[in-house]
>>> print(open('upload-v7.tsv').read())   # TSV, C-alpha atoms and all ligand atoms
chain	number	residue	atom	x	y	z
D	1	MET	CA	20.93	-4.89	21.21
D	2	GLU	CA	18.98	-5.89	18.11
D	3	LYS	CA	20.66	-4.56	14.96
D	4	SER	CA	18.96	-3.58	11.68
D	5	PRO	CA	20.06	-5.32	8.43
D	6	ARG	CA	22.33	-2.34	7.80
D	7	GLY	CA	23.89	-2.63	11.25
D	8	ARG	CA	22.07	0.30	12.82
D	9	LYS	CA	20.19	0.27	16.09
D	10	PRO	CA	16.41	0.39	15.72
D	11	SER	CA	15.07	3.89	16.41
D	12	ARG	CA	12.01	5.03	18.31
D	13	THR	CA	8.63	6.04	17.02
D	14	ARG	CA	5.47	7.58	18.42
D	15	GLY	CA	2.45	5.30	18.79
D	16	THR	CA	-0.91	5.35	20.51
D	17	HIS	CA	0.76	4.14	23.71
D	18	GLY	CA	3.62	6.65	23.72
D	19	VAL	CA	7.15	6.23	22.38
D	20	TYR	CA	8.36	2.75	21.52
D	21	ARG	CA	11.21	1.19	19.62
D	22	LYS	CA	10.67	0.40	15.94
D	23	PRO	CA	11.64	-3.22	15.37
D	24	ASN	CA	13.76	-4.28	12.43
D	25	PRO	CA	11.85	-5.58	9.39
D	26	LYS	CA	10.90	-9.24	9.51
D	27	VAL	CA	10.82	-11.65	6.58
D	28	GLN	CA	7.24	-12.91	6.21
D	29	THR	CA	6.89	-16.58	5.30
D	30	THR	CA	3.13	-17.22	5.42
D	31	THR	CA	0.17	-15.54	3.71
D	32	LEU	CA	-0.72	-13.75	6.97
D	33	TRP	CA	1.61	-10.79	7.48
D	34	ASP	CA	1.89	-8.84	10.70
D	35	PHE	CA	4.22	-6.19	12.08
D	36	PRO	CA	3.74	-3.71	14.95
D	37	SER	CA	4.66	-0.39	13.32
D	38	GLN	CA	4.29	1.60	10.09
D	39	GLN	CA	8.05	2.16	9.91
D	40	TYR	CA	10.86	-0.22	10.82
D	41	GLY	CA	14.45	-0.11	12.06
D	42	ALA	CA	16.69	2.90	12.23
D	43	GLY	CA	15.52	4.73	9.11
D	44	GLY	CA	12.25	6.52	8.51
D	45	GLN	CA	10.27	5.24	5.55
D	46	GLY	CA	7.49	7.56	4.38
D	47	ASP	CA	5.66	9.56	7.04
D	48	GLN	CA	4.04	7.63	9.86
D	49	ASP	CA	1.71	10.59	10.48
D	50	TYR	CA	0.45	10.58	6.87
D	51	ARG	CA	-3.09	9.15	6.87
D	52	GLY	CA	-3.09	6.08	4.68
D	53	ALA	CA	0.69	5.47	4.70
D	54	THR	CA	1.60	1.91	3.70
D	55	PRO	CA	3.36	-0.18	6.37
D	56	ALA	CA	6.97	-0.05	5.19
D	57	TYR	CA	7.67	-3.72	5.99
D	58	VAL	CA	5.10	-4.73	3.33
D	59	ILE	CA	7.13	-2.98	0.62
D	60	TRP	CA	10.42	-4.22	2.15
D	61	ASN	CA	9.22	-7.85	1.91
D	62	LEU	CA	8.03	-7.40	-1.69
D	63	LEU	CA	11.27	-5.79	-2.86
D	64	GLN	CA	13.36	-8.46	-1.11
D	65	ARG	CA	11.49	-11.24	-2.91
D	66	TYR	CA	10.67	-9.80	-6.33
D	67	THR	CA	13.50	-7.37	-7.19
D	68	ASN	CA	17.29	-7.26	-7.33
D	69	PRO	CA	19.68	-4.42	-6.43
D	70	GLY	CA	19.64	-1.80	-9.20
D	71	ASP	CA	16.13	-2.72	-10.40
D	72	LEU	CA	13.65	0.07	-11.17
D	73	VAL	CA	10.58	0.24	-8.91
D	74	VAL	CA	7.57	2.52	-9.63
D	75	ASP	CA	4.88	3.65	-7.22
D	76	PRO	CA	2.19	5.50	-9.23
D	77	MET	CA	0.26	6.64	-6.09
D	78	CYS	CA	3.23	7.37	-3.88
D	79	GLY	CA	1.61	9.27	-0.96
D	80	SER	CA	4.23	10.07	1.68
D	81	GLY	CA	6.98	8.25	-0.24
D	82	THR	CA	7.32	4.98	1.69
D	83	THR	CA	8.20	3.06	-1.48
D	84	LEU	CA	10.95	5.53	-2.40
D	85	ASP	CA	12.58	5.24	1.03
D	86	VAL	CA	12.42	1.43	1.22
D	87	ALA	CA	13.77	1.14	-2.34
D	88	ALA	CA	16.68	3.49	-1.54
D	89	GLU	CA	17.56	1.49	1.60
D	90	LEU	CA	17.63	-1.71	-0.44
D	91	GLY	CA	19.67	-0.24	-3.31
D	92	ARG	CA	16.81	-0.25	-5.82
D	93	ARG	CA	16.10	2.70	-8.13
D	94	ALA	CA	12.62	4.15	-7.72
D	95	LEU	CA	10.18	6.62	-9.26
D	96	GLY	CA	7.20	7.91	-7.31
D	97	PHE	CA	4.21	9.71	-8.82
D	98	ASP	CA	1.12	11.28	-7.25
D	99	VAL	CA	-1.52	13.86	-8.22
D	100	ALA	CA	-0.67	15.63	-4.94
D	101	PRO	CA	3.10	15.21	-4.39
D	102	TYR	CA	3.90	15.24	-0.67
D	103	ARG	CA	7.67	15.61	-1.12
D	104	GLU	CA	10.01	17.04	-3.74
D	105	ASP	CA	11.19	13.64	-4.95
D	106	ILE	CA	7.62	12.62	-5.88
D	107	GLN	CA	6.68	13.67	-9.42
D	108	PRO	CA	3.27	15.14	-10.22
D	109	ALA	CA	1.36	12.73	-12.46
D	110	ASP	CA	-1.93	10.89	-12.75
D	111	ALA	CA	-1.49	7.14	-12.21
D	112	ARG	CA	-3.68	6.68	-15.31
D	113	LYS	CA	-1.14	8.45	-17.54
D	114	LEU	CA	2.41	7.97	-16.34
D	115	PRO	CA	5.44	9.60	-18.01
D	116	VAL	CA	7.16	6.21	-18.31
D	117	ARG	CA	7.84	4.24	-21.51
D	118	ASN	CA	6.39	0.76	-22.16
D	119	ASP	CA	8.10	-2.29	-20.61
D	120	GLN	CA	10.67	-0.26	-18.59
D	121	VAL	CA	10.00	-1.16	-14.98
D	122	ASP	CA	11.02	-4.13	-12.80
D	123	PHE	CA	8.35	-3.82	-10.08
D	124	VAL	CA	5.20	-1.72	-9.52
D	125	PHE	CA	3.67	-1.18	-6.10
D	126	ILE	CA	0.20	0.40	-5.77
D	127	ASP	CA	-1.62	1.38	-2.58
D	128	PRO	CA	-4.66	3.29	-3.90
D	129	PRO	CA	-7.39	5.16	-2.03
D	130	TYR	CA	-10.05	2.74	-0.82
D	131	SER	CA	-13.23	4.65	-1.74
D	132	THR	CA	-13.72	8.07	-0.07
D	133	HIS	CA	-12.52	7.30	3.48
D	134	ILE	CA	-9.58	9.76	3.40
D	135	GLU	CA	-9.47	13.21	1.79
D	136	TYR	CA	-5.99	13.20	0.24
D	137	SER	CA	-6.12	16.47	-1.70
D	138	ASP	CA	-8.31	18.93	-3.60
D	139	ASP	CA	-7.09	17.61	-6.93
D	140	PRO	CA	-10.15	16.59	-8.98
D	141	ARG	CA	-8.15	13.68	-10.45
D	142	CYS	CA	-7.83	12.08	-6.98
D	143	ILE	CA	-9.44	8.62	-7.10
D	144	GLY	CA	-10.19	9.01	-3.38
D	145	LYS	CA	-13.06	11.26	-4.45
D	146	LEU	CA	-14.84	8.31	-6.10
D	147	ASP	CA	-17.16	6.18	-3.98
D	148	ALA	CA	-16.55	2.44	-4.35
D	149	ALA	CA	-20.32	1.91	-4.12
D	150	GLY	CA	-20.51	3.16	-7.73
D	151	PRO	CA	-18.84	2.09	-10.99
D	152	GLU	CA	-16.60	5.19	-11.42
D	153	TYR	CA	-14.09	4.06	-8.78
D	154	TYR	CA	-13.53	0.71	-10.53
D	155	ALA	CA	-13.43	2.33	-13.99
D	156	ALA	CA	-10.65	4.63	-12.73
D	157	MET	CA	-8.74	1.78	-11.07
D	158	ALA	CA	-9.02	-0.32	-14.25
D	159	VAL	CA	-7.02	2.40	-16.04
D	160	VAL	CA	-4.43	2.54	-13.20
D	161	ILE	CA	-3.97	-1.25	-13.49
D	162	LYS	CA	-3.75	-1.07	-17.30
D	163	GLU	CA	-1.04	1.60	-16.96
D	164	ALA	CA	0.91	-0.57	-14.48
D	165	ALA	CA	0.77	-3.44	-16.99
D	166	ARG	CA	2.00	-1.13	-19.76
D	167	ILE	CA	5.13	0.11	-17.93
D	168	LEU	CA	6.12	-3.23	-16.35
D	169	LYS	CA	8.66	-5.41	-18.20
D	170	PRO	CA	7.36	-8.85	-19.21
D	171	ASN	CA	8.10	-11.61	-16.69
D	172	ARG	CA	8.15	-9.13	-13.79
D	173	TYR	CA	5.93	-8.61	-10.76
D	174	MET	CA	3.60	-6.02	-9.27
D	175	ALA	CA	1.59	-5.79	-6.06
D	176	LEU	CA	-1.60	-3.99	-5.10
D	177	TYR	CA	-2.44	-3.35	-1.43
D	178	CYS	CA	-6.05	-2.51	-0.54
D	179	SER	CA	-8.90	-2.86	1.89
D	180	ASP	CA	-12.61	-3.46	1.49
D	181	SER	CA	-14.88	-0.63	2.57
D	182	TYR	CA	-17.69	-0.57	5.09
D	183	ARG	CA	-19.41	2.44	6.60
D	184	LYS	CA	-22.18	2.13	9.13
D	185	GLY	CA	-25.55	2.28	7.36
D	186	LYS	CA	-23.97	2.04	3.87
D	187	PRO	CA	-23.51	-1.00	1.61
D	188	PHE	CA	-20.40	-3.16	2.06
D	189	CYS	CA	-17.99	-2.61	-0.88
D	190	PRO	CA	-15.81	-5.69	-1.61
D	191	ILE	CA	-13.03	-3.57	-3.16
D	192	GLY	CA	-10.48	-6.36	-2.80
D	193	PHE	CA	-12.41	-8.92	-4.87
D	194	GLU	CA	-13.34	-6.31	-7.49
D	195	LEU	CA	-9.76	-5.07	-7.93
D	196	PHE	CA	-8.43	-8.64	-8.01
D	197	GLY	CA	-10.85	-9.28	-10.92
D	198	LEU	CA	-9.42	-6.27	-12.75
D	199	LEU	CA	-5.83	-7.38	-12.05
D	200	ARG	CA	-6.54	-10.85	-13.45
D	201	GLU	CA	-7.48	-9.33	-16.81
D	202	ARG	CA	-3.82	-8.27	-17.26
D	203	PHE	CA	-1.70	-10.37	-14.88
D	204	GLU	CA	-1.31	-13.91	-13.56
D	205	PRO	CA	-1.94	-14.31	-9.82
D	206	VAL	CA	1.14	-15.23	-7.77
D	207	ASP	CA	-0.40	-15.10	-4.30
D	208	ILE	CA	-2.87	-13.34	-2.04
D	209	VAL	CA	-1.68	-12.16	1.37
D	210	ALA	CA	-3.79	-10.90	4.28
D	211	VAL	CA	-1.96	-8.08	6.05
D	212	THR	CA	-3.05	-7.42	9.64
D	213	ARG	CA	-4.23	-3.82	10.08
D	214	ARG	CA	-2.85	-2.09	13.15
D	215	ASN	CA	-4.24	1.41	12.80
D	216	ARG	CA	-5.27	3.73	15.61
D	217	THR	CA	-9.00	3.18	15.04
D	218	LEU	CA	-8.60	-0.49	15.90
D	219	MET	CA	-7.03	0.45	19.24
D	220	ARG	CA	-10.08	2.43	20.37
D	221	ARG	CA	-12.33	0.32	22.53
D	222	HIS	CA	-15.53	2.25	21.68
D	223	TYR	CA	-15.15	1.37	17.97
D	224	HIS	CA	-15.27	-2.31	18.95
D	225	THR	CA	-18.28	-1.76	21.22
D	226	GLU	CA	-20.11	0.03	18.39
D	227	ALA	CA	-19.26	-2.76	15.92
D	228	GLU	CA	-20.66	-5.36	18.28
D	229	LYS	CA	-23.80	-3.34	19.00
D	230	GLY	CA	-24.37	-2.49	15.34
D	231	ASN	CA	-23.64	-6.06	14.16
D	232	TYR	CA	-20.91	-5.12	11.69
D	233	PHE	CA	-17.16	-5.73	11.51
D	234	LEU	CA	-14.19	-3.37	11.61
D	235	ARG	CA	-11.65	-3.92	8.84
D	236	GLY	CA	-9.02	-6.23	10.40
D	237	PHE	CA	-6.86	-6.87	7.33
D	238	ASN	CA	-5.75	-5.50	3.96
D	239	TYR	CA	-5.33	-7.61	0.85
D	240	LEU	CA	-1.96	-7.77	-0.82
D	241	PHE	CA	-2.34	-9.10	-4.35
D	242	ILE	CA	0.96	-10.23	-5.87
D	243	MET	CA	0.78	-10.53	-9.66
D	244	HIS	CA	3.05	-11.53	-12.56
D	245	LYS	CA	3.15	-10.02	-16.05
D	246	PRO	CA	3.49	-12.89	-18.52
V	301	LIG	C1	-3.11	5.18	0.26
V	301	LIG	S1	-2.29	6.61	-0.31
V	301	LIG	C2	-0.69	6.00	-0.72
V	301	LIG	C3	0.16	5.83	0.51
V	301	LIG	C4	1.63	5.67	0.24
V	301	LIG	N1	1.94	4.34	-0.29
V	301	LIG	C5	2.42	5.94	1.49
V	301	LIG	O1	3.03	5.00	2.05
V	301	LIG	O2	2.41	7.06	1.99
V	301	LIG	C6	-3.03	6.88	-1.88
V	301	LIG	C7	-2.42	8.01	-2.70
V	301	LIG	O3	-3.01	7.98	-4.01
V	301	LIG	C8	-2.95	9.30	-4.50
V	301	LIG	N2	-3.81	9.38	-5.68
V	301	LIG	C9	-5.16	9.40	-5.75
V	301	LIG	N3	-5.59	9.49	-7.02
V	301	LIG	C10	-4.48	9.49	-7.79
V	301	LIG	C11	-4.27	9.51	-9.20
V	301	LIG	N4	-5.28	9.59	-10.08
V	301	LIG	N5	-2.99	9.47	-9.65
V	301	LIG	C12	-1.94	9.43	-8.78
V	301	LIG	N6	-2.09	9.42	-7.43
V	301	LIG	C13	-3.35	9.43	-6.95
V	301	LIG	C14	-3.37	10.15	-3.32
V	301	LIG	O4	-2.98	11.50	-3.50
V	301	LIG	C15	-2.63	9.43	-2.18
V	301	LIG	O5	-1.38	10.03	-1.96
>>> encode(input="upload-v7.tsv", output="C-alpha cells")
Amino acid sequence: MEKSPRGRKPSRTRGTHGVYRKPNPKVQTTTLWDFPSQQYGAGGQGDQDYRGATPAYVIWNLLQRYTNPGDLVVDPMCGSGTTLDVAAELGRRALGFDVAPYREDIQPADARKLPVRNDQVDFVFIDPPYSTHIEYSDDPRCIGKLDAAGPEYYAAMAVVIKEAARILKPNRYMALYCSDSYRKGKPFCPIGFELFGLLRERFEPVDIVAVTRRNRTLMRRHYHTEAEKGNYFLRGFNYLFIMHKP
C-alpha cells in the first residue's frame, strides 16, 4: 500500500467518475505540473467541492521548495482554506484572509489592505478570481465582480500584488496562480500575461509553470464538441508565476 509522507494511507475522494483514491502528493520537477485530484493523501486540504479551490499539490510543492518548517505563510484570498491546511501539514505557520471567510480560521480582510506589518512574511500564495467566471460572494469588495475585459480588474489586482510585496520579507518568495479568460462571443482576456507584467513591477521572476487543469468542465464531451465547432479553445492550463522579492 502506498503511504503518504506522514505514513498514512491515502484516502478516497469523490470525482466525476465516482469514488477514487487520492494519491500522495508528487514532487514536480519540470515546468509542466500535473496531478489527478484537488486534494492529496490522507488529509483533506481545503474543500474539493468549493468552486475555484486550488489544487492542494500546487501549494504543497511551493511550500516544500520555498519555505522551511516554522515559516509564516500568508494567503490573502484564502477561499476554502487549502493553503492553511497544506501549511499545517508541513509544519508551517499560516494566516488566511478573505472578504468572504469560508471557515472560522480565515480572517475577514480585503487583500488590498491586510492587517499584517511590513516585511513579516516568509511566503505569499495568491489564487485570485479570474474575471467574473465564479460568483464567490455578495461582498462588493470581491474582485470576482470585476470583468477582466476592463481596466478595473487589473487596477484591483495591482493593489493586491503591491500589498503582497509590502508584507513579504526581502529575499523571500511568492506565487500567483491564475488562468486566462475566454467566454464564447466575448474577447479573449490574457489575464496571465497582464498579471505577470504587474508582478514584474515589484518582484524578480523565478519561473513560470503551466499547471494542467483537470476540472469537471474539461471532462464533459459536449464542451469539447462546442469548442471545435465554435473554433475556440477550452482553458487547458493555469499559470503559476513564482517570484522573488529582492
Ligand atoms: C480562486 S478563490 C481562492 C481559492 C482558494 N485558494 C482555495 O483553495 O479554496 C478566490 C478567492 O478570492 C476571494 N476574494 C475576492 N476578492 C477579494 C478581496 N478583495 N480580498 C480578499 N479576498 C478576495 C474570494 O472570496 C475567493 O474566496
>>> residues_around(input="upload-v7.tsv", residues="Tyr182 in chain D", least_positions_apart="4", cutoff="9 Å", atoms="all atoms listed in the file", output="JSON, numbers by chain")
{"D": [186, 187, 188, 189, 190, 232, 233, 234, 235]}
>>> residues_near_ligand(input="upload-v7.tsv", ligand="ligand LIG 301 (chain V)", cutoff="6 Å", atoms="all atoms listed in the file", output="ChimeraX atom specification")
/D:46,52-54,76-82,98-100,109-111,127-129,136,141-144
>>> closest_residue(input="upload-v7.tsv", among="D:Gly91, D:Val160, D:Ala210, D:Asp75", to="Gln28 in chain D", atoms="all atoms listed in the file")
D:Ala210
>>> closest_residue(input="upload-v7.tsv", among="D:Val58, D:Ala87, D:Met219, D:Ala42", to="Lys26 in chain D", atoms="all atoms listed in the file")
D:Val58
>>> closest_residue(input="upload-v7.tsv", among="D:Ile167, D:Ala148, D:Leu95, D:Met157", to="Asn118 in chain D", atoms="only C-alpha atoms")
D:Ile167
>>> closest_residue(input="upload-v7.tsv", among="D:Thr225, D:Ser137, D:Thr212, D:Asn231", to="Pro36 in chain D", atoms="all atoms listed in the file")
D:Thr212
>>> atom_distance(input="upload-v7.tsv", atom1="CA of Thr67 in chain D", atom2="CA of Arg112 in chain D")
23.6 Å
>>> closest_residue(input="upload-v7.tsv", among="D:Asp34, D:Asp47, D:Leu176, D:Val159", to="Phe196 in chain D", atoms="all atoms listed in the file")
D:Leu176
>>> residues_around(input="upload-v7.tsv", residues="Pro25 in chain D", least_positions_apart="2", cutoff="7 Å", atoms="all atoms listed in the file", output="MDAnalysis selection string")
chainID D and resid 23 27 40:41 57
>>> closest_residue(input="upload-v7.tsv", among="D:Leu218, D:Met243, D:Ile208, D:Leu72", to="Asp122 in chain D", atoms="all atoms listed in the file")
D:Leu72
>>> atom_distance(input="upload-v7.tsv", atom1="CA of Asn61 in chain D", atom2="CA of Lys113 in chain D")
27.4 Å
>>> residues_around(input="upload-v7.tsv", residues="Val209 in chain D", least_positions_apart="2", cutoff="12 Å", atoms="all atoms listed in the file", output="list in words")
Gln28, Thr29, Thr30, Thr31, Leu32, Trp33, Asp34, Val58, Asn61, Leu62, Ala175, Leu176, Tyr177, Cys178, Ser179, Gly192, Pro205, Val206, Asp207, Val211, Thr212, Phe237, Asn238, Tyr239, Leu240, Phe241, Ile242 and Met243 of chain D
>>> atom_distance(input="upload-v7.tsv", atom1="CA of Ala149 in chain D", atom2="CA of Leu198 in chain D")
16.1 Å
>>> residues_near_point(input="upload-v7.tsv", point="(-24.7, 1.7, 12.0)", cutoff="8 Å", atoms="all atoms listed in the file", output="PyMOL selection string")
chain D and resi 183-185+230+232
>>> residues_near_point(input="upload-v7.tsv", point="(-13.3, 11.9, 0.7)", cutoff="8 Å", atoms="all atoms listed in the file", output="short mmCIF file (atom, residue, chain, number, x, y, z; two decimals) with C-alpha atoms, in the coordinates of the input")
data_model
loop_
_atom_site.label_atom_id
_atom_site.label_comp_id
_atom_site.auth_asym_id
_atom_site.auth_seq_id
_atom_site.Cartn_x
_atom_site.Cartn_y
_atom_site.Cartn_z
CA SER D 131 -13.23 4.65 -1.74
CA THR D 132 -13.72 8.07 -0.07
CA HIS D 133 -12.52 7.30 3.48
CA ILE D 134 -9.58 9.76 3.40
CA GLU D 135 -9.47 13.21 1.79
CA TYR D 136 -5.99 13.20 0.24
CA GLY D 144 -10.19 9.01 -3.38
CA LYS D 145 -13.06 11.26 -4.45
CA LEU D 146 -14.84 8.31 -6.10
#
>>> decode(input="upload-v7.tsv", residues="range 27-47 of chain D", atoms="N, CA, C and O atoms", output="compact mmCIF listing (two decimals), in the first residue's frame")
# COMPACT_ATOMS: atom_id res chain seq x y z
N VAL D 27 6.37 15.31 -6.00
CA VAL D 27 7.30 16.42 -6.25
C VAL D 27 7.34 16.67 -7.76
O VAL D 27 7.54 15.74 -8.55
N GLN D 28 7.14 17.91 -8.17
CA GLN D 28 7.14 18.28 -9.58
C GLN D 28 8.53 18.78 -9.94
O GLN D 28 9.10 19.61 -9.22
N THR D 29 9.07 18.29 -11.05
CA THR D 29 10.46 18.65 -11.40
C THR D 29 10.59 19.35 -12.75
O THR D 29 11.69 19.72 -13.14
N THR D 30 9.48 19.50 -13.47
CA THR D 30 9.54 20.27 -14.72
C THR D 30 8.60 21.47 -14.58
O THR D 30 7.94 21.64 -13.56
N THR D 31 8.51 22.27 -15.65
CA THR D 31 7.61 23.43 -15.61
C THR D 31 6.22 23.08 -16.14
O THR D 31 5.42 23.97 -16.42
N LEU D 32 5.92 21.77 -16.25
CA LEU D 32 4.55 21.34 -16.55
C LEU D 32 4.09 20.46 -15.40
O LEU D 32 4.61 19.35 -15.22
N TRP D 33 3.18 20.98 -14.60
CA TRP D 33 2.74 20.24 -13.40
C TRP D 33 1.39 19.58 -13.66
O TRP D 33 0.52 20.16 -14.31
N ASP D 34 1.26 18.37 -13.11
CA ASP D 34 0.01 17.64 -13.32
C ASP D 34 -0.23 16.71 -12.14
O ASP D 34 0.71 16.14 -11.59
N PHE D 35 -1.49 16.58 -11.76
CA PHE D 35 -1.87 15.73 -10.63
C PHE D 35 -3.37 15.45 -10.76
O PHE D 35 -4.12 16.33 -11.18
N PRO D 36 -3.83 14.23 -10.42
CA PRO D 36 -5.21 13.89 -10.76
C PRO D 36 -6.30 14.46 -9.87
O PRO D 36 -7.46 14.44 -10.24
N SER D 37 -5.98 14.96 -8.67
CA SER D 37 -7.09 15.37 -7.79
C SER D 37 -6.80 16.69 -7.09
O SER D 37 -5.64 17.10 -6.95
N GLN D 38 -7.88 17.36 -6.62
CA GLN D 38 -7.72 18.65 -5.95
C GLN D 38 -7.00 18.45 -4.62
O GLN D 38 -6.16 19.24 -4.24
N GLN D 39 -7.37 17.37 -3.90
CA GLN D 39 -6.71 17.07 -2.63
C GLN D 39 -5.75 15.90 -2.83
O GLN D 39 -5.78 15.24 -3.86
N TYR D 40 -4.90 15.67 -1.84
CA TYR D 40 -3.95 14.55 -1.93
C TYR D 40 -3.93 13.78 -0.62
O TYR D 40 -4.33 14.30 0.43
N GLY D 41 -3.46 12.56 -0.69
CA GLY D 41 -3.14 11.77 0.51
C GLY D 41 -4.29 11.59 1.48
O GLY D 41 -5.46 11.64 1.13
N ALA D 42 -3.92 11.38 2.75
CA ALA D 42 -4.91 11.01 3.75
C ALA D 42 -5.68 12.19 4.31
O ALA D 42 -6.78 12.04 4.80
N GLY D 43 -5.09 13.38 4.25
CA GLY D 43 -5.76 14.54 4.83
C GLY D 43 -6.79 15.12 3.88
O GLY D 43 -7.04 14.59 2.81
N GLY D 44 -7.39 16.21 4.27
CA GLY D 44 -8.30 16.93 3.38
C GLY D 44 -7.86 18.38 3.38
O GLY D 44 -7.91 19.03 4.41
N GLN D 45 -7.38 18.86 2.24
CA GLN D 45 -6.87 20.23 2.20
C GLN D 45 -7.91 21.09 1.49
O GLN D 45 -8.23 20.84 0.33
N GLY D 46 -8.41 22.13 2.16
CA GLY D 46 -9.47 22.95 1.59
C GLY D 46 -10.72 22.11 1.39
O GLY D 46 -10.90 21.07 2.04
N ASP D 47 -11.59 22.57 0.49
CA ASP D 47 -12.83 21.86 0.23
C ASP D 47 -12.90 21.56 -1.26
O ASP D 47 -12.99 22.49 -2.08
